[in-house]
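Student: Pasting a structure below so you can have a look.
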Amino acid sequence: MTDLLKLSGVHTHIGRYHILQGIDLAVPQGQVTMLLGRNGAGKTTTLRTIMGLWQASSGEISLAGERIESRATPDIARLGVGYVPESMAVFSDLTVKENLVLAARNAPMDDKQLEWIFGFFPALRRFWLSRAGSLSGGQKQMLSIARAIVEPRKLLLIDEPTKGLAPAIVMALIECLKEIKRKGATILLVEQNFFAARELGDNVLVMDNGKIVHRGEMAALAADVPLQERLLGLSLEAHQ
Amino acid sequence: MTEIAANDPLPKPKRDIAPILLPIAVALLMIPLIGSTSSWLTLTAASLAMGMMIFIMASGLTLVFGLMDVLNFGHGAFIAVGAYVATLVLAPFAASIQADSLWVNLAVLAPAALLSMAVSGALGLVVERVLILPVYGQHLKQILMTTGGLIVAEQTLYALWGPQIIPMPLPASLRGSFILGDVAIAKYRVLAMLIGLAVFIAIQLVLNRTKLGLLIRAGVENREMVEALGYRIRRLFLGVFMTGSALAGLGGVMWALYREQVHASMSDDLTVLIFIVVIIGGLGSIGGCFIGAILVAMVANYGGFLVPKLALVSNILLMVAILMWRPRGLYAVTSR
């Protein structure tokens, strides 16, 4: 399996804080790689550094063999990287439709793709002309993910999509992400919800204090409770 | 936990019409205070005309503020430059300006206004590239750079045109008033209202009906996410900055005709009013800017008529009152 995304020795400083301290990771093509870790471990910073929203102080980031660490965010996005931030960042003043029109940067929205998205997220069809700011938290998350998949992307960077959502909506999101995965998408997914991580992940990376402290198969970590407790301070059972 | 499930009905968004009602309420409240209906109508028309001119000058600044968080204290330079360019164009056509035909007057005025907009817009390009680009994200340096730019621009105008006030008479067909009963409404004020309204409608159409407008609105709210979708917001900002500068140039021409004079520091007092309008309207909000401009003009006109001694502080009091009511302005678009 070829690696679509590779980070080698990536350091990121934010102000005087040294957040990422030599990250090495690889995201294989067509797989879902989970990025786990305690709060403040550096997971969000890793995604933001890949996206160019924070500049790596040193190290190499390559996407499909192309170096991207010194590129501007729009150029990285134009290489086919979709980003779903933790805050969802939907444009509240714009309608659901307008949010998706902006996300479909290369061409008008594809009807088939839209129907596929509406299959998972019927609420988006229903509130098509409503302001995104008036959607609920779950609906905003759906819109945020829909925005990332409204066009084909090489790589999806998704930051804690289940955070703060009701269990029923979490299940719908997991089903959606599974379907995206079945279509062959490559995803780097930050998640605190262990159940979601186990359901979706092929591989797993665990971060602590700005470093990768574990890498392996998600199934192996899910089966090893002592390892979960050592790495994350909680077992999968404790999360359920 | 989220409060509403995916398929629950969406609560109907509340239409926030209180800011729209505010200038109407202020105007109605003034009827008994002013006493005479004709004076009230004249002052109201003057307020609307002045408000439209201030709106034209402030609309670009509010988008620049909202979109890129740039404090441009040199915005007044575009106003003065626009007015001076118009004097250059109009000088050789003094006879056409004094001709008693609206179409002949407009045939000279329109190209002068367009050229003023083009020059102010081009100056905006230079200012953005030279003064603002190196200081993105640094408010203190932005204030220093743009204030310095304003001083340089004013002194350059003094050096080129001299310190004297340059007369800029109104075209013959725009002099005088429309008389309706015992109410007199100056013709030029009606034109200013129409132009201001046209600019407002044009901006609203661009913002709400085009992809470019969607990008600007999205960028005002969250420019980082716009970049993460693959759009180069710096280019967008440059376009908005140039458009805002061009509109300031148009406002400068209109204000110069309103006052019938041009001088290098003509924008000094206006800049204070423009900043008040941008702040009370809500950074980045065109609707808020429109209402804010009308309110500022109303306070200046009604206040000047009723309590002339308070004229200097009346707009500051207005700003304090609005911010106590809505701390992020009439229509909060950004979180700043």
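Here's how to read the names in the structure tokens: chain A, B, ... by the order shown, residue numbers from 1 in each chain, ligand numbers from 1 in the order shown.
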As a PyMOL selection string, could you give me every residue of chain A near chain B (at most 7 Å apart, counting only C-alpha atoms)?
Tutor: chain A and resi 73-75+77-78+83+89+91+103+123+134-139+164-166+169
Student: Take the residues that were just selected and, keeping N, CA and C atoms, output them as a compact mmCIF listing (two decimals), in the first residue's frame.
Tutor:
```
# COMPACT_ATOMS: atom_id res chain seq x y z
N THR A 73 -1.96 27.54 2.34
CA THR A 73 -3.15 26.70 2.55
C THR A 73 -4.00 26.52 1.27
N PRO A 74 -4.30 27.59 0.52
CA PRO A 74 -5.14 27.38 -0.68
C PRO A 74 -4.48 26.43 -1.68
N ASP A 75 -3.15 26.49 -1.79
CA ASP A 75 -2.45 25.61 -2.73
C ASP A 75 -2.53 24.16 -2.27
N ALA A 77 -4.97 22.92 -0.43
CA ALA A 77 -6.36 22.51 -0.68
C ALA A 77 -6.56 22.16 -2.15
N ARG A 78 -5.93 22.94 -3.04
CA ARG A 78 -6.08 22.70 -4.48
C ARG A 78 -5.43 21.40 -4.94
N TYR A 83 -10.64 19.53 4.38
CA TYR A 83 -10.37 19.72 5.80
C TYR A 83 -11.67 19.99 6.55
N ALA A 89 -16.62 25.17 11.56
CA ALA A 89 -16.36 26.35 10.73
C ALA A 89 -17.30 26.48 9.53
N PHE A 91 -20.06 28.45 7.45
CA PHE A 91 -20.27 29.89 7.32
C PHE A 91 -21.71 30.20 7.73
N ALA A 103 -17.76 25.24 -1.50
CA ALA A 103 -16.86 24.08 -1.35
C ALA A 103 -16.61 23.40 -2.69
N ALA A 123 -31.07 15.94 6.38
CA ALA A 123 -31.35 17.27 6.94
C ALA A 123 -30.80 18.37 6.04
N SER A 134 -28.32 28.72 11.74
CA SER A 134 -29.48 28.30 12.52
C SER A 134 -29.58 26.78 12.64
N LEU A 135 -28.60 26.05 12.09
CA LEU A 135 -28.61 24.59 12.21
C LEU A 135 -28.18 24.18 13.61
N SER A 136 -28.54 22.95 13.99
CA SER A 136 -28.08 22.42 15.27
C SER A 136 -26.61 21.98 15.14
N GLY A 137 -26.00 21.61 16.27
CA GLY A 137 -24.60 21.19 16.23
C GLY A 137 -24.39 20.00 15.31
N GLY A 138 -25.29 19.01 15.38
CA GLY A 138 -25.16 17.82 14.54
C GLY A 138 -25.30 18.17 13.07
N GLN A 139 -26.28 19.02 12.78
CA GLN A 139 -26.50 19.41 11.38
C GLN A 139 -25.31 20.20 10.83
N GLY A 164 -19.21 16.27 21.02
CA GLY A 164 -20.38 16.99 21.50
C GLY A 164 -21.69 16.62 20.82
N LEU A 165 -21.70 15.53 20.06
CA LEU A 165 -22.93 15.20 19.34
C LEU A 165 -23.71 14.09 20.05
N ALA A 166 -25.01 14.09 19.83
CA ALA A 166 -25.88 13.06 20.42
C ALA A 166 -25.53 11.70 19.82
N ILE A 169 -26.70 10.79 16.32
CA ILE A 169 -26.03 11.51 15.24
C ILE A 169 -24.62 10.97 15.05
```
Student: Quick one: residues within 10 Å of B:Phe290, only C-alpha atoms counted, chain neighbours fewer than 3 positions away excluded, as a ChimeraX atom specification?
Tutor: /B:20,51-52,54-56,58-59,196-197,200,277-278,281,285-287,293-295
Student: Just the residues within 9 Å of stretch 215-224 of chain A, please, counting only C-alpha atoms, with nothing from its chain fewer than 6 positions along; format it as a list in words.
Tutor: Leu25, Thr33, Met34, Phe194, Ala197, Arg198, Leu200, Gly201, Asp202, Asn203, Val204, Leu205, Val206, Ser235 and Leu236 of chain A
Student: Go ahead and dump the residues you just picked, C-alpha atoms, as a compact mmCIF listing (two decimals), in the first residue's frame.
Tutor:
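New file again_6.txt:
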```
# COMPACT_ATOMS: atom_id res chain seq x y z
CA LEU A 25 3.86 9.48 10.23
CA THR A 33 -5.73 6.35 9.79
CA MET A 34 -6.82 7.33 13.27
CA PHE A 194 -12.91 5.27 20.96
CA ALA A 197 -12.17 5.03 16.20
CA ARG A 198 -12.58 1.26 16.40
CA LEU A 200 -13.59 3.32 11.31
CA GLY A 201 -9.85 2.97 11.69
CA ASP A 202 -7.57 0.71 9.67
CA ASN A 203 -4.43 2.09 11.28
CA VAL A 204 -3.80 4.06 14.40
CA LEU A 205 -1.29 6.62 15.55
CA VAL A 206 -1.22 7.71 19.17
CA SER A 235 -9.84 1.66 27.99
CA LEU A 236 -12.29 1.29 25.14
```
Student: Compile the contact shell of B:Met254 as a PyMOL selection string: residues with an atom at most 8 Å away, counting only C-alpha atoms, same-chain residues fewer than 5 positions apart removed.
Tutor: chain B and resi 53+83+192
Student: Closest to A:His11 among A:Thr46, A:Ala26, A:Gly59, A:Phe127, using only C-alpha atoms?
Tutor: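 With only C-alpha atoms as the atom set, the closest residue is A:Gly59.
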Student: Between A:Val225, A:Leu231, A:Gly133, A:Ser58, single out the one closest to A:Ile212, counting only C-alpha atoms.
Tutor: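 Of A:Val225, A:Leu231, A:Gly133, A:Ser58, the one nearest A:Ile212, counting only C-alpha atoms, is A:Leu231.
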Student: Excluding same-chain residues fewer than 4 positions from stretch 125-137 of chain B, what lies within 10 Å of it counting only C-alpha atoms, as a VMD selection string?
Tutor: chain B and resid 68 to 72 74 to 75 119 to 121 141 to 146 148 to 149 234 237 to 239 241 to 243 245
